[in-house]
$ cat model.tsv   # TSV, C-alpha atoms
chain	number	residue	atom	x	y	z
A	1	MET	CA	-14.20	5.30	22.72
A	2	ASN	CA	-14.50	4.28	19.10
A	3	GLU	CA	-13.22	1.04	17.52
A	4	LEU	CA	-9.81	2.41	16.57
A	5	GLN	CA	-9.24	3.93	20.00
A	6	GLU	CA	-10.25	0.68	21.69
A	7	ARG	CA	-7.85	-1.23	19.48
A	8	ILE	CA	-4.98	1.16	20.23
A	9	ILE	CA	-5.60	0.65	23.96
A	10	LYS	CA	-5.72	-3.12	23.48
A	11	ASP	CA	-2.84	-3.71	21.05
A	12	GLY	CA	-0.85	-0.46	20.73
A	13	VAL	CA	2.51	-0.30	22.47
A	14	VAL	CA	3.99	2.91	23.84
A	15	LYS	CA	7.77	3.16	23.64
A	16	GLU	CA	10.28	5.71	24.90
A	17	GLY	CA	10.57	8.79	22.69
A	18	ASN	CA	6.82	9.19	22.14
A	19	ILE	CA	6.67	6.21	19.83
A	20	LEU	CA	3.33	4.47	19.45
A	21	LYS	CA	3.62	1.06	17.82
A	22	VAL	CA	0.45	-0.01	16.05
A	23	ASP	CA	2.16	-2.44	13.71
A	24	SER	CA	0.04	-5.42	14.75
A	25	PHE	CA	-3.14	-4.00	13.19
A	26	LEU	CA	-2.47	-0.77	11.26
A	27	ASN	CA	0.81	-0.52	9.39
A	28	HIS	CA	2.70	-3.80	9.10
A	29	GLN	CA	0.08	-6.43	9.87
A	30	ILE	CA	-3.32	-5.12	8.79
A	31	ASP	CA	-6.73	-5.83	10.26
A	32	VAL	CA	-8.87	-5.30	7.17
A	33	ASP	CA	-12.09	-5.22	9.23
A	34	LEU	CA	-10.67	-2.27	11.18
A	35	TYR	CA	-9.73	-0.55	7.90
A	36	HIS	CA	-13.31	-1.12	6.80
A	37	TRP	CA	-14.66	0.50	9.97
A	38	MET	CA	-12.33	3.47	9.43
A	39	ALA	CA	-13.45	3.87	5.81
A	40	CYS	CA	-17.13	3.83	6.83
A	41	GLU	CA	-16.42	6.35	9.58
A	42	TRP	CA	-14.81	8.79	7.14
A	43	LYS	CA	-17.66	8.24	4.72
A	44	LYS	CA	-20.05	9.28	7.51
A	45	ARG	CA	-17.97	12.27	8.63
A	46	PHE	CA	-17.50	13.53	5.07
A	47	ALA	CA	-21.08	12.70	4.00
A	48	ASP	CA	-21.73	16.34	3.02
A	49	VAL	CA	-18.57	16.66	0.93
A	50	GLU	CA	-18.20	15.87	-2.77
A	51	VAL	CA	-15.11	13.72	-3.33
A	52	THR	CA	-13.82	12.86	-6.81
A	53	ARG	CA	-10.47	11.34	-5.88
A	54	ILE	CA	-8.60	9.94	-2.90
A	55	VAL	CA	-4.90	10.71	-2.60
A	56	THR	CA	-2.49	9.02	-0.19
A	57	ILE	CA	1.24	8.35	0.12
A	58	GLU	CA	3.22	5.12	0.07
A	59	ALA	CA	3.53	2.79	1.80
A	60	SER	CA	1.18	2.40	4.74
A	61	GLY	CA	-1.45	4.83	3.42
A	62	ILE	CA	-2.19	2.70	0.37
A	63	GLY	CA	-4.23	-0.07	1.95
A	64	ILE	CA	-6.36	2.32	4.00
A	65	ALA	CA	-6.97	4.50	0.96
A	66	CYS	CA	-8.05	1.51	-1.15
A	67	ILE	CA	-10.60	0.38	1.41
A	68	ALA	CA	-11.81	4.00	1.66
A	69	GLY	CA	-12.01	4.08	-2.15
A	70	GLU	CA	-14.60	1.29	-1.98
A	71	GLN	CA	-16.81	3.47	0.23
A	72	PHE	CA	-16.40	6.69	-1.76
A	73	HIS	CA	-16.45	4.99	-5.19
A	74	VAL	CA	-13.63	7.13	-6.57
A	75	PRO	CA	-10.15	6.42	-7.96
A	76	VAL	CA	-7.29	6.21	-5.48
A	77	VAL	CA	-3.87	7.69	-6.24
A	78	PHE	CA	-0.79	7.08	-4.17
A	79	ALA	CA	2.11	9.53	-4.14
A	80	LYS	CA	5.60	8.11	-4.25
A	81	LYS	CA	8.46	9.08	-1.97
A	82	SER	CA	11.94	9.60	-3.32
A	83	HIS	CA	15.19	10.98	-1.97
A	84	SER	CA	16.14	12.27	-5.40
A	85	VAL	CA	14.37	15.00	-7.31
A	86	ASN	CA	12.43	13.74	-10.27
A	87	LEU	CA	13.01	16.10	-13.17
A	88	ASP	CA	10.39	14.45	-15.31
A	89	GLY	CA	8.01	17.23	-16.37
A	90	ASP	CA	5.09	14.84	-16.23
A	91	MET	CA	5.24	14.73	-12.44
A	92	TYR	CA	4.12	17.04	-9.66
A	93	THR	CA	6.85	17.17	-7.04
A	94	ALA	CA	6.87	18.58	-3.51
A	95	GLU	CA	10.02	18.89	-1.46
A	96	VAL	CA	9.44	18.19	2.21
A	97	GLU	CA	11.96	18.37	5.01
A	98	SER	CA	11.48	15.92	7.84
A	99	PHE	CA	11.40	17.68	11.24
A	100	THR	CA	12.59	14.48	12.85
A	101	HIS	CA	15.30	13.25	10.52
A	102	LYS	CA	16.25	16.62	8.99
A	103	ASN	CA	16.52	14.99	5.58
A	104	ILE	CA	14.76	16.09	2.42
A	105	ASN	CA	12.20	13.86	0.77
A	106	HIS	CA	10.29	14.35	-2.42
A	107	VAL	CA	6.63	13.50	-2.81
A	108	ILE	CA	5.76	12.71	-6.41
A	109	VAL	CA	2.51	12.21	-8.34
A	110	SER	CA	2.06	11.85	-12.08
A	111	LYS	CA	0.27	14.86	-13.57
A	112	LYS	CA	-2.11	12.47	-15.32
A	113	PHE	CA	-3.71	11.40	-12.06
A	114	ILE	CA	-4.86	14.65	-10.43
A	115	GLU	CA	-7.01	16.88	-12.60
A	116	PRO	CA	-7.83	20.57	-12.21
A	117	GLY	CA	-11.13	20.79	-10.38
A	118	ASP	CA	-10.69	17.44	-8.64
A	119	LYS	CA	-12.14	17.37	-5.13
A	120	VAL	CA	-9.51	15.45	-3.22
A	121	LEU	CA	-9.84	13.58	0.04
A	122	ILE	CA	-6.38	12.91	1.47
A	123	ILE	CA	-6.08	9.74	3.54
A	124	ASP	CA	-3.12	8.59	5.65
A	125	ASP	CA	-2.40	6.36	8.60
A	126	PHE	CA	-0.41	8.75	10.83
A	127	LEU	CA	-0.15	12.48	11.43
A	128	ALA	CA	2.68	13.72	13.64
A	129	ASN	CA	4.55	16.76	12.35
A	130	GLY	CA	2.71	16.49	9.07
A	131	CYS	CA	5.57	16.91	6.62
A	132	ALA	CA	4.32	14.29	4.17
A	133	LEU	CA	0.81	15.70	4.42
A	134	GLN	CA	2.07	19.20	3.62
A	135	GLY	CA	3.71	17.76	0.51
A	136	LEU	CA	0.46	16.10	-0.55
A	137	ILE	CA	-1.48	19.36	-0.09
A	138	SER	CA	1.14	21.20	-2.15
A	139	ILE	CA	0.74	18.71	-4.97
A	140	VAL	CA	-3.07	18.92	-4.99
A	141	ASN	CA	-2.77	22.73	-5.16
A	142	GLN	CA	-0.17	22.54	-7.95
A	143	ALA	CA	-2.69	20.48	-9.91
A	144	GLY	CA	-5.39	23.14	-9.59
A	145	ALA	CA	-7.46	20.70	-7.56
A	146	GLU	CA	-8.98	21.23	-4.11
A	147	VAL	CA	-8.37	19.44	-0.81
A	148	VAL	CA	-11.93	18.95	0.46
A	149	GLY	CA	-10.93	16.91	3.47
A	150	ILE	CA	-8.20	15.00	5.23
A	151	GLY	CA	-8.81	11.66	6.94
A	152	ILE	CA	-6.15	10.42	9.35
A	153	ALA	CA	-6.23	7.25	11.42
A	154	VAL	CA	-3.93	8.22	14.31
A	155	GLU	CA	-2.97	11.82	15.06
A	156	LYS	CA	-0.31	12.56	17.62
A	157	GLY	CA	-2.07	15.53	19.17
A	158	PHE	CA	1.00	16.61	21.13
A	159	GLN	CA	2.94	17.24	17.92
A	160	THR	CA	2.29	20.21	15.66
A	161	GLY	CA	1.02	18.60	12.43
A	162	GLY	CA	-2.70	18.56	13.19
A	163	GLN	CA	-2.82	22.09	14.54
A	164	ILE	CA	-0.99	23.49	11.51
A	165	ILE	CA	-3.48	21.78	9.20
A	166	ARG	CA	-6.49	23.06	11.20
A	167	ASN	CA	-4.96	26.57	11.36
A	168	LEU	CA	-4.72	26.49	7.56
A	169	GLY	CA	-8.47	25.89	7.47
A	170	TYR	CA	-8.50	22.33	6.25
A	171	ARG	CA	-11.16	19.96	7.45
A	172	LEU	CA	-9.24	17.26	9.28
A	173	GLU	CA	-10.92	14.14	10.64
A	174	SER	CA	-8.53	12.09	12.76
A	175	LEU	CA	-10.17	8.95	14.09
A	176	ALA	CA	-7.92	8.78	17.16
A	177	ILE	CA	-6.09	11.82	18.54
A	178	VAL	CA	-3.49	10.83	21.11
A	179	ASP	CA	-2.91	13.76	23.48
A	180	ALA	CA	-0.52	12.01	25.83
A	181	MET	CA	1.34	8.74	26.18
A	182	ASP	CA	3.43	7.30	28.97
A	183	ALA	CA	6.04	4.69	28.10
A	184	LYS	CA	6.42	3.53	31.71
A	185	SER	CA	2.78	2.79	32.45
A	186	GLY	CA	1.72	2.32	28.82
A	187	ALA	CA	-1.14	4.78	29.41
A	188	ILE	CA	-2.63	6.54	26.37
A	189	THR	CA	-4.89	9.61	26.66
A	190	PHE	CA	-7.20	10.40	23.75
A	191	ARG	CA	-8.68	13.82	22.99
A	192	GLU	CA	-12.44	13.85	23.69
B	1	MET	CA	-10.25	-12.18	-22.17
B	2	ASN	CA	-10.88	-11.43	-18.51
B	3	GLU	CA	-11.41	-7.99	-16.95
B	4	LEU	CA	-7.77	-7.37	-16.18
B	5	GLN	CA	-6.63	-8.41	-19.65
B	6	GLU	CA	-9.25	-6.19	-21.25
B	7	ARG	CA	-8.12	-3.26	-19.12
B	8	ILE	CA	-4.46	-3.83	-20.02
B	9	ILE	CA	-5.40	-3.76	-23.72
B	10	LYS	CA	-7.47	-0.60	-23.20
B	11	ASP	CA	-5.22	1.44	-20.88
B	12	GLY	CA	-1.83	-0.29	-20.67
B	13	VAL	CA	1.06	1.32	-22.55
B	14	VAL	CA	3.94	-0.68	-24.03
B	15	LYS	CA	7.30	1.10	-23.98
B	16	GLU	CA	10.71	0.21	-25.38
B	17	GLY	CA	12.66	-2.24	-23.22
B	18	ASN	CA	9.71	-4.52	-22.52
B	19	ILE	CA	8.12	-2.02	-20.17
B	20	LEU	CA	4.37	-2.30	-19.62
B	21	LYS	CA	2.91	0.79	-17.97
B	22	VAL	CA	-0.27	0.06	-16.05
B	23	ASP	CA	-0.01	3.05	-13.76
B	24	SER	CA	-3.40	4.47	-14.68
B	25	PHE	CA	-5.30	1.62	-13.02
B	26	LEU	CA	-2.98	-0.77	-11.15
B	27	ASN	CA	0.04	0.75	-9.41
B	28	HIS	CA	-0.07	4.54	-9.16
B	29	GLN	CA	-3.70	5.41	-9.78
B	30	ILE	CA	-5.86	2.54	-8.59
B	31	ASP	CA	-9.20	1.33	-9.90
B	32	VAL	CA	-10.63	-0.20	-6.73
B	33	ASP	CA	-13.40	-1.98	-8.66
B	34	LEU	CA	-10.74	-3.77	-10.71
B	35	TYR	CA	-8.88	-4.71	-7.49
B	36	HIS	CA	-12.19	-6.08	-6.22
B	37	TRP	CA	-12.63	-8.19	-9.37
B	38	MET	CA	-9.07	-9.51	-8.94
B	39	ALA	CA	-9.67	-10.37	-5.29
B	40	CYS	CA	-12.86	-12.29	-6.16
B	41	GLU	CA	-11.06	-14.10	-8.96
B	42	TRP	CA	-8.28	-15.30	-6.62
B	43	LYS	CA	-10.90	-16.30	-4.07
B	44	LYS	CA	-12.51	-18.46	-6.79
B	45	ARG	CA	-9.23	-19.94	-8.03
B	46	PHE	CA	-8.03	-20.73	-4.50
B	47	ALA	CA	-11.45	-21.89	-3.27
B	48	ASP	CA	-10.08	-25.33	-2.31
B	49	VAL	CA	-7.13	-23.91	-0.36
B	50	GLU	CA	-7.08	-23.01	3.33
B	51	VAL	CA	-5.54	-19.56	3.79
B	52	THR	CA	-4.75	-18.11	7.23
B	53	ARG	CA	-2.73	-15.07	6.18
B	54	ILE	CA	-2.00	-12.93	3.13
B	55	VAL	CA	1.55	-11.66	2.68
B	56	THR	CA	2.62	-9.00	0.17
B	57	ILE	CA	5.43	-6.48	-0.28
B	58	GLU	CA	5.42	-2.71	-0.25
B	59	ALA	CA	4.39	-0.57	-1.95
B	60	SER	CA	2.08	-1.49	-4.80
B	61	GLY	CA	1.15	-4.91	-3.43
B	62	ILE	CA	-0.46	-3.46	-0.31
B	63	GLY	CA	-3.71	-2.18	-1.78
B	64	ILE	CA	-4.35	-5.35	-3.77
B	65	ALA	CA	-3.60	-7.50	-0.72
B	66	CYS	CA	-6.00	-5.48	1.46
B	67	ILE	CA	-8.88	-5.88	-0.99
B	68	ALA	CA	-8.02	-9.59	-1.22
B	69	GLY	CA	-7.99	-9.72	2.59
B	70	GLU	CA	-11.66	-8.70	2.55
B	71	GLN	CA	-12.50	-11.75	0.43
B	72	PHE	CA	-10.38	-14.25	2.36
B	73	HIS	CA	-11.17	-12.77	5.82
B	74	VAL	CA	-7.60	-13.11	7.03
B	75	PRO	CA	-4.95	-10.67	8.31
B	76	VAL	CA	-2.73	-9.04	5.71
B	77	VAL	CA	0.99	-8.50	6.30
B	78	PHE	CA	3.21	-6.40	4.11
B	79	ALA	CA	6.96	-6.96	3.94
B	80	LYS	CA	9.19	-3.92	3.93
B	81	LYS	CA	12.04	-3.28	1.54
B	82	SER	CA	15.33	-1.90	2.72
B	83	HIS	CA	18.76	-1.39	1.22
B	84	SER	CA	20.38	-1.95	4.59
B	85	VAL	CA	20.41	-5.19	6.54
B	86	ASN	CA	18.21	-5.11	9.60
B	87	LEU	CA	20.06	-6.77	12.45
B	88	ASP	CA	17.04	-6.71	14.71
B	89	GLY	CA	16.51	-10.31	15.83
B	90	ASP	CA	12.77	-9.81	15.83
B	91	MET	CA	12.68	-9.68	12.03
B	92	TYR	CA	12.82	-12.26	9.28
B	93	THR	CA	15.11	-10.96	6.55
B	94	ALA	CA	15.72	-12.20	3.01
B	95	GLU	CA	18.48	-10.83	0.83
B	96	VAL	CA	17.47	-10.59	-2.81
B	97	GLU	CA	19.60	-9.49	-5.71
B	98	SER	CA	17.80	-7.68	-8.50
B	99	PHE	CA	18.50	-9.28	-11.92
B	100	THR	CA	17.79	-5.94	-13.54
B	101	HIS	CA	19.56	-3.44	-11.31
B	102	LYS	CA	22.20	-5.82	-9.85
B	103	ASN	CA	21.69	-4.21	-6.44
B	104	ILE	CA	20.91	-6.03	-3.21
B	105	ASN	CA	17.62	-5.44	-1.42
B	106	HIS	CA	16.37	-6.82	1.84
B	107	VAL	CA	12.83	-8.00	2.38
B	108	ILE	CA	11.82	-7.74	6.02
B	109	VAL	CA	8.87	-9.01	8.07
B	110	SER	CA	8.45	-8.88	11.83
B	111	LYS	CA	8.56	-12.36	13.37
B	112	LYS	CA	5.35	-11.55	15.23
B	113	PHE	CA	3.30	-11.52	12.06
B	114	ILE	CA	3.95	-14.90	10.46
B	115	GLU	CA	3.39	-17.89	12.69
B	116	PRO	CA	4.60	-21.48	12.29
B	117	GLY	CA	1.82	-23.42	10.60
B	118	ASP	CA	0.37	-20.35	8.87
B	119	LYS	CA	-1.04	-21.08	5.43
B	120	VAL	CA	0.12	-18.10	3.43
B	121	LEU	CA	-1.27	-16.70	0.22
B	122	ILE	CA	1.28	-14.35	-1.35
B	123	ILE	CA	-0.23	-11.51	-3.39
B	124	ASP	CA	1.61	-9.02	-5.62
B	125	ASP	CA	0.93	-6.78	-8.57
B	126	PHE	CA	3.77	-7.80	-10.90
B	127	LEU	CA	5.93	-10.84	-11.55
B	128	ALA	CA	8.90	-10.46	-13.90
B	129	ASN	CA	12.14	-12.06	-12.70
B	130	GLY	CA	10.55	-12.73	-9.35
B	131	CYS	CA	13.33	-11.58	-7.02
B	132	ALA	CA	11.00	-9.96	-4.50
B	133	LEU	CA	8.73	-13.00	-4.63
B	134	GLN	CA	11.67	-15.32	-3.93
B	135	GLY	CA	12.45	-13.20	-0.87
B	136	LEU	CA	8.85	-13.48	0.35
B	137	ILE	CA	8.88	-17.28	-0.08
B	138	SER	CA	12.16	-17.46	1.84
B	139	ILE	CA	10.63	-15.50	4.71
B	140	VAL	CA	7.50	-17.68	4.88
B	141	ASN	CA	9.76	-20.75	4.99
B	142	GLN	CA	11.98	-19.21	7.69
B	143	ALA	CA	8.84	-18.73	9.77
B	144	GLY	CA	7.91	-22.42	9.52
B	145	ALA	CA	4.79	-21.44	7.61
B	146	GLU	CA	3.63	-22.74	4.22
B	147	VAL	CA	3.08	-20.93	0.93
B	148	VAL	CA	-0.26	-22.38	-0.18
B	149	GLY	CA	-0.62	-20.16	-3.22
B	150	ILE	CA	0.65	-17.11	-5.06
B	151	GLY	CA	-1.69	-14.63	-6.71
B	152	ILE	CA	-0.16	-12.20	-9.20
B	153	ALA	CA	-1.98	-9.56	-11.24
B	154	VAL	CA	0.37	-9.23	-14.22
B	155	GLU	CA	3.03	-11.80	-15.06
B	156	LYS	CA	5.59	-11.07	-17.73
B	157	GLY	CA	5.57	-14.54	-19.23
B	158	PHE	CA	8.67	-13.87	-21.33
B	159	GLN	CA	10.78	-13.38	-18.21
B	160	THR	CA	11.87	-16.22	-15.97
B	161	GLY	CA	10.09	-15.47	-12.66
B	162	GLY	CA	6.87	-17.38	-13.29
B	163	GLN	CA	8.55	-20.46	-14.67
B	164	ILE	CA	10.98	-20.68	-11.72
B	165	ILE	CA	8.06	-20.50	-9.29
B	166	ARG	CA	6.08	-23.17	-11.19
B	167	ASN	CA	9.21	-25.37	-11.45
B	168	LEU	CA	9.53	-25.14	-7.67
B	169	GLY	CA	6.03	-26.58	-7.42
B	170	TYR	CA	4.18	-23.54	-6.14
B	171	ARG	CA	0.63	-22.95	-7.22
B	172	LEU	CA	0.78	-19.65	-9.08
B	173	GLU	CA	-2.34	-17.89	-10.34
B	174	SER	CA	-1.47	-14.92	-12.54
B	175	LEU	CA	-4.55	-13.12	-13.77
B	176	ALA	CA	-2.85	-11.83	-16.92
B	177	ILE	CA	0.24	-13.48	-18.41
B	178	VAL	CA	1.82	-11.31	-21.07
B	179	ASP	CA	3.75	-13.53	-23.49
B	180	ALA	CA	4.78	-10.80	-25.92
B	181	MET	CA	4.63	-7.04	-26.30
B	182	ASP	CA	5.55	-4.78	-29.17
B	183	ALA	CA	6.44	-1.17	-28.36
B	184	LYS	CA	6.02	-0.05	-32.00
B	185	SER	CA	2.49	-1.32	-32.57
B	186	GLY	CA	1.50	-1.43	-28.89
B	187	ALA	CA	0.33	-5.02	-29.41
B	188	ILE	CA	0.11	-7.26	-26.33
B	189	THR	CA	-0.23	-11.04	-26.55
B	190	PHE	CA	-1.65	-12.91	-23.56
B	191	ARG	CA	-1.09	-16.57	-22.79
B	192	GLU	CA	-4.30	-18.58	-23.32

$ encode --input "model.tsv" --output "structure tokens"
Amino acid sequence: MNELQERIIKDGVVKEGNILKVDSFLNHQIDVDLYHWMACEWKKRFADVEVTRIVTIEASGIGIACIAGEQFHVPVVFAKKSHSVNLDGDMYTAEVESFTHKNINHVIVSKKFIEPGDKVLIIDDFLANGCALQGLISIVNQAGAEVVGIGIAVEKGFQTGGQIIRNLGYRLESLAIVDAMDAKSGAITFRE
Amino acid sequence: MNELQERIIKDGVVKEGNILKVDSFLNHQIDVDLYHWMACEWKKRFADVEVTRIVTIEASGIGIACIAGEQFHVPVVFAKKSHSVNLDGDMYTAEVESFTHKNINHVIVSKKFIEPGDKVLIIDDFLANGCALQGLISIVNQAGAEVVGIGIAVEKGFQTGGQIIRNLGYRLESLAIVDAMDAKSGAITFRE
């Protein structure tokens, strides 16, 4: 097991409804040393890839992406979420429907901050159904840039998001893939 | 002028209505090297202060707080914003009314992540009227912890937030205090 997996076993909490709470170290309280380990791990796994920009989405992706930015030495851009459409022509917008909540969200990035030809590494904390991630990919494509890799901290392997992304041919590096969880016993099974 | 002030002069854009756009390096696209300079600067300015936890607020505070967390070697906690009241007893909640938009927002932190006796450094990107900051201070006080310092990147010195905080006796270190801006000429005057 790697550092993130060990930490999930130690401090993650499994709740009914396939909920994995990692708010004590990943996305409410933050263990910056763990973020640093994650950033170094992605740097290693994407060592052969040229990256010119990191893109993430608010809110909990931002901190991870910044620490990763230190390793990759590139600018970090965070997309904003909004319920309303932004009609400002200076923005790239992707409409994404949440599988879970059935509501529509918009993912928004200023056109100034992704350039054609950019080689984009997308970073986020969680991947479940992958709706937000699909919006980010759409925006990078709209900009004429290329998604060269996707780094995720925790992937829920029993939901469809990761498989869709791999089917589409993207290089996805999830640091912990949870294949099964049991709320009663608290057991968590990681993909090998 | 320090690094942040120089960058504001170089890349900040003054718009009508006392708006200062710093989205190309501070709060949409992020220059991680500049964040690192800011973090080191706060570490220097608060060298005599014991800090056990950094608290910030989503979204644009998170990245800055994480990079600061690397310098101070403490956990980082980010408060969440919500329009609705959270009745969950496990959360500290502060109700803050925006001077600008006249709407009510709630600032929320899990009770698990601020402990009585914690010595809290609050970090945020912007200080104007300071409503969000007042909510964060309220939450730290509710927790029986102590605000030992407040680090802000850009303070709008012509709005009331900074003065209120200093009047209340808090130690506030703003890395760039803008005392005047002129949308026509683009001129920005910093406090000495």

$ atom_distance --input "model.tsv" --atom1 "CA of Ile64 in chain A" --atom2 "CA of Ile139 in chain B"
24.6 Å

$ closest_residue --input "model.tsv" --among "B:Gln29, B:Thr56, B:Asn18, B:Gln159" --to "chain A" --atoms "only C-alpha atoms"
B:Gln29

$ closest_residue --input "model.tsv" --among "B:Asp48, B:Asp11, B:Glu58, B:Glu3" --to "chain A" --atoms "all atoms listed in the file"
B:Glu58

$ closest_atom_pairs --input "model.tsv" --of "chain A" --to "chain B" --cutoff "7 Å" --atoms "all atoms listed in the file" --output "tab-separated table"
residue	atom	partner	partner_atom	distance
A:His28	CA	B:Phe78	CA	5.6
A:Gln29	CA	B:Val77	CA	4.2
A:Ile30	CA	B:Val76	CA	5.0
A:Asp31	CA	B:Pro75	CA	5.5
A:Val32	CA	B:Glu70	CA	6.4
A:Glu58	CA	B:Ala59	CA	6.2
A:Ala59	CA	B:Ala59	CA	5.1
A:Ile62	CA	B:Gly63	CA	5.5
A:Gly63	CA	B:Gly63	CA	4.3
A:Cys66	CA	B:Gly63	CA	5.7
A:Ile67	CA	B:Ile67	CA	6.9
A:Gly69	CA	B:Val32	CA	6.4
A:Glu70	CA	B:Val32	CA	6.4
A:Pro75	CA	B:Asp31	CA	5.5
A:Val76	CA	B:Ile30	CA	5.0
A:Val77	CA	B:Gln29	CA	4.2
A:Phe78	CA	B:His28	CA	5.6
A:Phe113	CA	B:Gln29	CA	6.4

$ closest_residue --input "model.tsv" --among "A:Ala180, A:Ile104, A:Leu168, A:Leu20" --to "Phe126 in chain A" --atoms "all atoms listed in the file"
A:Leu20

$ atom_distance --input "model.tsv" --atom1 "CA of Gly162 in chain A" --atom2 "CA of Ile19 in chain A"
16.9 Å

$ residues_around --input "model.tsv" --residues "Tyr170 in chain A" --least-positions-apart "4" --cutoff "12 Å" --atoms "only C-alpha atoms" --output "PyMOL selection string"
chain A and resi 120-122+133-134+137+146-151+161-166

$ residues_around --input "model.tsv" --residues "Ile108 in chain A" --least-positions-apart "4" --cutoff "7 Å" --atoms "only C-alpha atoms" --output "short mmCIF file (atom, residue, chain, number, x, y, z; two decimals) with C-alpha atoms, in the coordinates of the input"
data_model
loop_
_atom_site.label_atom_id
_atom_site.label_comp_id
_atom_site.auth_asym_id
_atom_site.auth_seq_id
_atom_site.Cartn_x
_atom_site.Cartn_y
_atom_site.Cartn_z
CA ALA A 79 2.11 9.53 -4.14
CA LYS A 80 5.60 8.11 -4.25
CA LYS A 81 8.46 9.08 -1.97
CA MET A 91 5.24 14.73 -12.44
CA TYR A 92 4.12 17.04 -9.66
CA THR A 93 6.85 17.17 -7.04
CA ALA A 94 6.87 18.58 -3.51
#
